[in-house]
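Below is final.tsv, holding TSV, C-alpha atoms.
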```
chain	number	residue	atom	x	y	z
A	502	MET	CA	-50.03	-13.20	-20.41
A	503	LYS	CA	-50.73	-12.08	-16.86
A	504	TYR	CA	-51.28	-15.66	-15.69
A	505	ILE	CA	-48.12	-16.83	-17.39
A	506	ASN	CA	-46.11	-14.16	-15.58
A	507	ALA	CA	-47.64	-15.11	-12.23
A	508	PHE	CA	-46.96	-18.78	-12.94
A	509	ILE	CA	-43.31	-18.10	-13.79
A	510	LEU	CA	-42.92	-16.05	-10.63
A	511	LEU	CA	-44.46	-18.80	-8.51
A	512	VAL	CA	-42.21	-21.43	-10.07
A	513	PHE	CA	-39.17	-19.27	-9.42
A	514	LEU	CA	-40.26	-18.61	-5.84
A	515	SER	CA	-40.70	-22.31	-5.14
A	516	LEU	CA	-37.32	-22.98	-6.73
A	517	LEU	CA	-35.64	-20.43	-4.46
A	518	ILE	CA	-37.39	-21.79	-1.36
A	519	TYR	CA	-36.35	-25.32	-2.33
A	520	ALA	CA	-32.75	-24.16	-2.83
A	521	SER	CA	-32.69	-22.37	0.52
A	522	THR	CA	-33.39	-25.64	2.34
A	523	GLY	CA	-30.00	-26.89	1.18
A	524	LEU	CA	-28.06	-24.03	2.73
A	525	PRO	CA	-26.02	-24.68	5.89
A	526	ASN	CA	-27.23	-23.19	9.15
A	527	ARG	CA	-25.88	-19.79	10.13
A	528	GLY	CA	-22.69	-20.23	12.09
A	529	ASP	CA	-22.55	-23.96	11.39
A	530	ILE	CA	-18.97	-24.92	12.18
A	531	ASP	CA	-18.99	-27.93	9.84
A	532	ALA	CA	-20.12	-25.96	6.78
A	533	VAL	CA	-17.56	-25.72	3.98
A	534	VAL	CA	-17.21	-21.94	4.20
A	535	ASN	CA	-16.61	-22.03	7.94
A	536	ARG	CA	-14.01	-24.77	7.99
A	537	ASP	CA	-10.37	-23.99	8.63
A	538	ARG	CA	-9.31	-25.72	5.40
A	539	SER	CA	-11.04	-25.57	2.05
A	540	PRO	CA	-11.85	-28.89	0.28
A	541	SER	CA	-8.66	-28.53	-1.79
A	542	GLY	CA	-6.55	-28.39	1.36
A	543	THR	CA	-5.55	-24.74	1.40
A	544	GLN	CA	-6.38	-22.35	4.22
A	545	ASN	CA	-9.76	-20.64	3.98
A	546	ALA	CA	-9.74	-16.84	3.61
A	547	SER	CA	-12.05	-16.33	6.58
A	548	SER	CA	-9.87	-18.28	8.97
A	549	TYR	CA	-6.82	-16.38	7.71
A	550	TYR	CA	-8.54	-13.07	8.43
A	551	ILE	CA	-9.63	-14.13	11.90
A	552	ARG	CA	-6.13	-15.28	12.81
A	553	ASN	CA	-4.05	-12.54	11.21
A	554	ALA	CA	-6.14	-9.38	10.77
A	555	TYR	CA	-4.97	-7.71	13.97
A	556	LYS	CA	-1.38	-8.85	13.54
A	557	ASP	CA	-1.20	-7.53	9.99
A	558	THR	CA	-3.04	-4.25	10.24
A	559	HIS	CA	-3.11	-3.29	13.92
A	560	THR	CA	-6.85	-2.73	13.56
A	561	PRO	CA	-9.17	-4.39	16.09
A	562	ASN	CA	-12.23	-3.99	13.84
A	563	MET	CA	-11.85	-6.88	11.43
A	564	VAL	CA	-14.53	-5.58	9.07
A	565	THR	CA	-12.63	-2.34	8.50
A	566	ALA	CA	-9.39	-4.24	8.00
A	567	ILE	CA	-10.94	-6.48	5.35
A	568	LEU	CA	-12.83	-3.67	3.65
A	569	ALA	CA	-10.03	-1.12	3.44
A	570	ASP	CA	-6.91	-3.29	3.39
A	571	TYR	CA	-7.37	-6.83	2.10
A	572	ARG	CA	-10.19	-5.84	-0.24
A	573	ALA	CA	-9.12	-2.24	-0.86
A	574	PHE	CA	-9.48	-2.48	-4.61
A	575	ASP	CA	-13.14	-3.44	-4.24
A	576	THR	CA	-13.77	-0.43	-2.01
A	577	LEU	CA	-12.09	1.81	-4.58
A	578	GLY	CA	-14.59	0.48	-7.10
A	579	GLU	CA	-17.50	1.20	-4.75
A	580	GLU	CA	-16.33	4.75	-4.26
A	581	THR	CA	-16.00	5.21	-8.02
A	582	VAL	CA	-19.59	3.99	-8.38
A	583	ILE	CA	-20.75	6.64	-5.91
A	584	LEU	CA	-18.78	9.34	-7.74
A	585	THR	CA	-20.27	8.20	-11.04
A	586	ALA	CA	-23.79	8.37	-9.60
A	587	GLY	CA	-23.12	11.91	-8.39
A	588	LEU	CA	-21.71	12.98	-11.73
A	589	ILE	CA	-24.70	11.51	-13.60
A	590	CYS	CA	-27.10	13.37	-11.30
A	591	PHE	CA	-25.06	16.52	-11.95
A	592	LEU	CA	-25.24	16.05	-15.72
A	593	LEU	CA	-28.92	15.12	-15.90
A	594	LEU	CA	-30.58	17.26	-13.25
A	595	ARG	CA	-28.53	20.44	-12.89
A	596	LYS	CA	-30.29	23.37	-14.56
A	597	ARG	CA	-28.53	24.82	-17.57
A	598	ARG	CA	-28.87	28.56	-17.69
A	599	LYS	CA	-28.34	28.84	-21.45
A	600	ASP	CA	-31.39	26.73	-22.20
A	601	ASP	CA	-33.54	28.89	-19.95
A	602	GLU	CA	-32.67	32.06	-21.85
A	603	GLU	CA	-33.52	30.66	-25.23
B	551	MET	CA	-42.79	28.66	-1.40
B	552	LYS	CA	-43.02	29.44	2.28
B	553	SER	CA	-39.65	29.35	3.97
B	554	ASN	CA	-39.21	27.04	6.92
B	555	ALA	CA	-36.90	29.59	8.51
B	556	ASP	CA	-39.97	31.27	9.97
B	557	ASN	CA	-40.42	28.49	12.49
B	558	PRO	CA	-38.24	29.25	15.53
B	559	ILE	CA	-38.44	25.75	16.99
B	560	THR	CA	-36.99	23.86	14.04
B	561	THR	CA	-34.46	26.62	13.42
B	562	LEU	CA	-33.17	26.58	17.00
B	563	ILE	CA	-33.14	22.81	17.45
B	564	SER	CA	-31.47	22.04	14.14
B	565	SER	CA	-28.89	24.79	14.65
B	566	ILE	CA	-27.97	23.24	18.00
B	567	VAL	CA	-28.03	19.63	16.79
B	568	ALA	CA	-26.26	20.00	13.42
B	569	PRO	CA	-22.71	20.64	14.75
B	570	PHE	CA	-22.96	17.59	16.99
B	571	ILE	CA	-24.04	15.43	14.05
B	572	LEU	CA	-21.02	16.78	12.17
B	573	LEU	CA	-18.74	15.91	15.08
B	574	PHE	CA	-20.26	12.43	15.42
B	575	GLY	CA	-19.75	11.83	11.71
B	576	MET	CA	-16.06	12.71	12.01
B	577	TYR	CA	-15.84	10.44	15.07
B	578	ILE	CA	-17.36	7.54	13.12
B	579	ILE	CA	-14.85	8.01	10.27
B	580	VAL	CA	-11.77	8.29	12.51
B	581	HIS	CA	-12.88	5.64	15.01
B	582	GLY	CA	-13.69	3.07	12.34
B	583	HIS	CA	-10.61	1.07	13.39
B	584	TYR	CA	-12.04	0.28	16.80
B	585	SER	CA	-15.83	0.28	16.50
B	586	PRO	CA	-18.45	-0.28	13.81
B	587	GLY	CA	-18.23	2.50	11.30
B	588	GLY	CA	-15.96	3.80	8.61
B	589	GLY	CA	-15.95	6.05	5.62
B	590	PHE	CA	-19.36	5.28	4.13
B	591	GLN	CA	-21.33	5.57	7.36
B	592	GLY	CA	-19.47	8.63	8.62
B	593	GLY	CA	-19.77	10.36	5.26
B	594	ALA	CA	-23.52	9.78	5.26
B	595	MET	CA	-23.64	11.28	8.77
B	596	LEU	CA	-21.73	14.41	7.68
B	597	ALA	CA	-24.05	14.80	4.70
B	598	ALA	CA	-27.06	14.41	7.02
B	599	SER	CA	-25.84	17.34	9.11
B	600	VAL	CA	-25.47	19.62	6.08
B	601	ILE	CA	-28.75	18.51	4.51
B	602	LEU	CA	-30.59	19.06	7.82
B	603	LEU	CA	-29.56	22.71	7.82
B	604	ARG	CA	-30.51	23.03	4.15
B	605	LEU	CA	-33.95	21.59	4.82
B	606	VAL	CA	-34.66	23.78	7.80
B	607	LEU	CA	-32.97	27.09	7.00
B	608	GLY	CA	-33.42	26.95	3.23
B	609	SER	CA	-30.83	26.35	0.55
B	610	GLU	CA	-29.52	29.93	0.46
B	611	ILE	CA	-28.44	30.04	4.11
B	612	GLY	CA	-27.19	26.48	3.70
B	613	GLN	CA	-24.74	27.80	1.11
B	614	LEU	CA	-22.80	29.47	3.94
B	615	GLN	CA	-21.92	26.06	5.34
B	616	PHE	CA	-21.33	24.11	2.15
B	617	LYS	CA	-21.61	25.70	-1.29
B	618	SER	CA	-23.46	23.56	-3.81
B	619	THR	CA	-20.68	24.12	-6.34
B	620	TRP	CA	-18.26	22.27	-4.04
B	621	GLY	CA	-20.10	18.95	-4.30
B	622	THR	CA	-18.53	17.31	-7.33
B	623	PRO	CA	-14.99	18.75	-6.85
B	624	LEU	CA	-14.85	17.51	-3.25
B	625	GLY	CA	-16.21	14.13	-4.31
B	626	SER	CA	-13.49	13.85	-6.92
B	627	LEU	CA	-10.95	14.93	-4.30
B	628	GLY	CA	-12.09	12.10	-2.02
B	629	VAL	CA	-11.61	9.54	-4.78
B	630	LEU	CA	-8.22	11.13	-5.53
B	631	ILE	CA	-7.15	10.74	-1.89
B	632	TYR	CA	-8.03	7.05	-2.08
B	633	PHE	CA	-6.32	6.61	-5.42
B	634	GLY	CA	-3.31	8.67	-4.32
B	635	THR	CA	-2.82	6.46	-1.27
B	636	GLY	CA	-2.67	3.47	-3.57
B	637	LEU	CA	-0.43	5.24	-6.04
B	638	ALA	CA	1.98	6.39	-3.32
B	639	ALA	CA	2.59	2.74	-2.50
B	640	VAL	CA	3.40	2.15	-6.16
B	641	PHE	CA	5.90	5.03	-6.22
B	642	PHE	CA	7.69	3.73	-3.13
B	643	GLY	CA	8.28	0.30	-4.56
B	644	GLY	CA	5.19	-1.76	-3.81
B	645	THR	CA	2.07	-2.84	-5.60
B	646	PHE	CA	-1.11	-0.77	-5.91
B	647	LEU	CA	-2.82	-0.18	-2.51
B	648	ASN	CA	-0.14	-2.15	-0.66
B	649	TYR	CA	0.16	-0.05	2.48
B	650	HIS	CA	3.36	-1.80	3.54
B	651	PHE	CA	5.28	0.57	1.27
B	652	LEU	CA	3.80	3.89	2.41
B	653	PRO	CA	6.51	6.38	3.45
B	654	ILE	CA	5.54	6.51	7.14
B	655	ALA	CA	8.13	6.00	9.84
B	656	GLN	CA	6.29	3.27	11.72
B	657	GLU	CA	6.38	-0.48	12.00
B	658	ALA	CA	4.68	-2.50	9.30
B	659	SER	CA	1.32	-3.09	10.98
B	660	MET	CA	0.99	0.58	11.96
B	661	LYS	CA	1.69	1.55	8.33
B	662	ARG	CA	-1.28	-0.48	7.22
B	663	SER	CA	-3.36	1.06	10.00
B	664	PHE	CA	-2.51	4.55	8.76
B	665	GLY	CA	-3.21	3.48	5.20
B	666	ILE	CA	-6.69	2.37	6.25
B	667	LEU	CA	-7.18	5.75	7.95
B	668	PHE	CA	-6.26	7.73	4.80
B	669	VAL	CA	-8.52	5.57	2.69
B	670	GLU	CA	-11.44	6.00	5.08
B	671	ILE	CA	-10.99	9.76	5.09
B	672	GLY	CA	-11.10	9.75	1.29
B	673	VAL	CA	-14.24	7.61	1.27
B	674	GLY	CA	-15.94	9.82	3.87
B	675	LEU	CA	-15.17	13.01	1.97
B	676	ALA	CA	-16.43	11.56	-1.30
B	677	VAL	CA	-19.64	10.15	0.18
B	678	MET	CA	-20.45	13.40	2.00
B	679	ALA	CA	-19.86	15.59	-1.04
B	680	ILE	CA	-21.71	13.34	-3.46
B	681	LEU	CA	-24.76	12.97	-1.20
B	682	ILE	CA	-25.00	16.75	-0.80
B	683	ALA	CA	-24.48	17.22	-4.54
B	684	ILE	CA	-27.29	14.76	-5.34
B	685	TYR	CA	-29.57	16.60	-2.90
B	686	ASP	CA	-28.77	19.93	-4.53
B	687	ASP	CA	-29.26	18.53	-8.02
B	688	LEU	CA	-32.62	17.01	-7.12
B	689	LEU	CA	-33.73	20.30	-5.60
B	690	GLY	CA	-32.78	22.06	-8.81
B	691	GLU	CA	-32.30	25.48	-7.24
B	692	GLU	CA	-29.29	27.17	-8.72
B	693	PRO	CA	-28.06	29.98	-6.46
B	694	ASP	CA	-27.24	33.27	-8.13
B	695	ASP	CA	-23.52	33.78	-8.42
```
Would you write the structure of this file as structure tokens?
Amino acid sequence: MKYINAFILLVFLSLLIYASTGLPNRGDIDAVVNRDRSPSGTQNASSYYIRNAYKDTHTPNMVTAILADYRAFDTLGEETVILTAGLICFLLLRKRRKDDEE
Amino acid sequence: MKSNADNPITTLISSIVAPFILLFGMYIIVHGHYSPGGGFQGGAMLAASVILLRLVLGSEIGQLQFKSTWGTPLGSLGVLIYFGTGLAAVFFGGTFLNYHFLPIAQEASMKRSFGILFVEIGVGLAVMAILIAIYDDLLGEEPDD
């Protein structure tokens, strides 16, 4: 069983390495994600942000503008995840005084 | 358990450094529009300041700065600030989290800038309170009330 697990891991590793050779270079201007237009002819989201982020939000830091304005709903979800983690720690780990007395 | 408060060096240094960490955390939250930073990073910084004092001076003296019962209520308040900013836009005629409709007497782009600021403050408050609450829960020391 141990050898089978190692074999599966090796196969998966080689698959991932093979897939990574097909990725475009970082910052490649001809890659699909970095083009001004998507293959269907509409404007790409990234080029829209770069052109209009400061005009729309008056925020020079584009990352903040995307995170808290264009993708605000996603950030709300992240914050809810953090709150949930805190509440679960509170429920699981906080000492209950009643149990100690019994 | 031996208290770390006996050591004068750590006590002095952390007492001097902690307020500046607090100030830097607030700076990171508020200055997130112009430099790398924002709610998550600044909130972690604020929590680091509080947890530093708890580590060095002990949890009981640390209660003077931030009571461990405040953790979850302040975290919920942070999420409520975020949610309330979105809901205010709904009440003033827009869609959820559409800062164009916030009742601020500014031009449209400045409205969105202020909306980002409110949201970041909510995120920072929630992250700070939840990190401190997790630290207190893991420590498991309930202060006598």
**Request:** With a cut-off of 8 Å and counting only C-alpha atoms, select all residues of chain A in contact with chain B and give the selection as a PyMOL selection string.
**Result:** chain A and resi 556-562+565-566+569-570+573-574+577+580-581+583-584+587-588+590-591+594-596
**Request:** Please provide the set of residues having any atom within 7 Å of Asp537 in chain A, restricted to only C-alpha atoms, with same-chain residues fewer than 4 positions apart removed, written as a list in words.
**Result:**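 Residues meeting the cut-off are Gln544, Asn545 and Ser548 of chain A.
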**Item:** Between CA of Leu603 in chain B and CA of Thr561 in chain B - distance in Å to one decimal
**Value:**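 Those two atoms sit 8.4 Å apart.
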**Asked** What separation in Å, quoted to one decimal, exists between CA of Tyr577 in chain B and CA of Val564 in chain A?
**Response**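 Separation of CA of Tyr577 in chain B and CA of Val564 in chain A: 17.2 Å.
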Would you compute, for all listed atoms of range 676-680 of chain B, the axis-aligned bounding box grown by 8 Å on each side, and then report its centre and edge lengths in Å rounded to one decimal, as JSON?
```
{"center_x": -19.1, "center_y": 12.9, "center_z": -0.7, "size_x": 21.3, "size_y": 21.4, "size_z": 21.5}
```
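Interatomic distance, CA of Ile530 in chain A to CA of Thr543 in chain A: 17.2 Å.
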**Fill in**
If you count all atoms listed in the file, the residue of B:Ala594, B:Ile571, B:Leu675, B:Ile579 closest to Ile631 in chain B turns out to be B:Leu675
**Request:** Give the answer as one residue: which of B:Leu627, B:Asp556, B:Pro653, B:Ser599 has the shortest atom-to-atom distance to Ala639 in chain B, using all atoms listed in the file?
**Result:**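 Between B:Leu627, B:Asp556, B:Pro653, B:Ser599, the residue approaching Ala639 in chain B most closely is B:Pro653.
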With N, CA and C atoms as the target, complete range 586-597 of chain B and hand it back as a PDB file, keeping the file's coordinate frame.
```pdb
ATOM      1  N   PRO B 586     -17.753  -0.272  15.095  1.00  0.00           N
ATOM      2  CA  PRO B 586     -18.450  -0.280  13.810  1.00  0.00           C
ATOM      3  C   PRO B 586     -18.512   1.119  13.219  1.00  0.00           C
ATOM      4  N   GLY B 587     -18.240   1.195  11.947  1.00  0.00           N
ATOM      5  CA  GLY B 587     -18.230   2.500  11.300  1.00  0.00           C
ATOM      6  C   GLY B 587     -17.235   2.510  10.177  1.00  0.00           C
ATOM      7  N   GLY B 588     -16.898   3.684   9.710  1.00  0.00           N
ATOM      8  CA  GLY B 588     -15.960   3.800   8.610  1.00  0.00           C
ATOM      9  C   GLY B 588     -16.377   4.933   7.694  1.00  0.00           C
ATOM     10  N   GLY B 589     -15.779   4.920   6.524  1.00  0.00           N
ATOM     11  CA  GLY B 589     -15.950   6.050   5.620  1.00  0.00           C
ATOM     12  C   GLY B 589     -17.379   6.246   5.140  1.00  0.00           C
ATOM     13  N   PHE B 590     -18.026   5.142   4.724  1.00  0.00           N
ATOM     14  CA  PHE B 590     -19.360   5.280   4.130  1.00  0.00           C
ATOM     15  C   PHE B 590     -20.357   5.794   5.169  1.00  0.00           C
ATOM     16  N   GLN B 591     -20.353   5.186   6.352  1.00  0.00           N
ATOM     17  CA  GLN B 591     -21.330   5.570   7.360  1.00  0.00           C
ATOM     18  C   GLN B 591     -21.068   6.989   7.856  1.00  0.00           C
ATOM     19  N   GLY B 592     -19.788   7.296   8.126  1.00  0.00           N
ATOM     20  CA  GLY B 592     -19.470   8.630   8.620  1.00  0.00           C
ATOM     21  C   GLY B 592     -19.756   9.708   7.581  1.00  0.00           C
ATOM     22  N   GLY B 593     -19.474   9.389   6.313  1.00  0.00           N
ATOM     23  CA  GLY B 593     -19.770  10.360   5.260  1.00  0.00           C
ATOM     24  C   GLY B 593     -21.254  10.640   5.152  1.00  0.00           C
ATOM     25  N   ALA B 594     -22.072   9.582   5.293  1.00  0.00           N
ATOM     26  CA  ALA B 594     -23.520   9.780   5.260  1.00  0.00           C
ATOM     27  C   ALA B 594     -23.969  10.654   6.422  1.00  0.00           C
ATOM     28  N   MET B 595     -23.301  10.469   7.592  1.00  0.00           N
ATOM     29  CA  MET B 595     -23.640  11.280   8.770  1.00  0.00           C
ATOM     30  C   MET B 595     -23.306  12.738   8.526  1.00  0.00           C
ATOM     31  N   LEU B 596     -22.112  13.020   7.969  1.00  0.00           N
ATOM     32  CA  LEU B 596     -21.730  14.410   7.680  1.00  0.00           C
ATOM     33  C   LEU B 596     -22.707  15.040   6.701  1.00  0.00           C
ATOM     34  N   ALA B 597     -23.090  14.270   5.673  1.00  0.00           N
ATOM     35  CA  ALA B 597     -24.050  14.800   4.700  1.00  0.00           C
ATOM     36  C   ALA B 597     -25.390  15.065   5.362  1.00  0.00           C
TER      37      ALA B 597
END
```
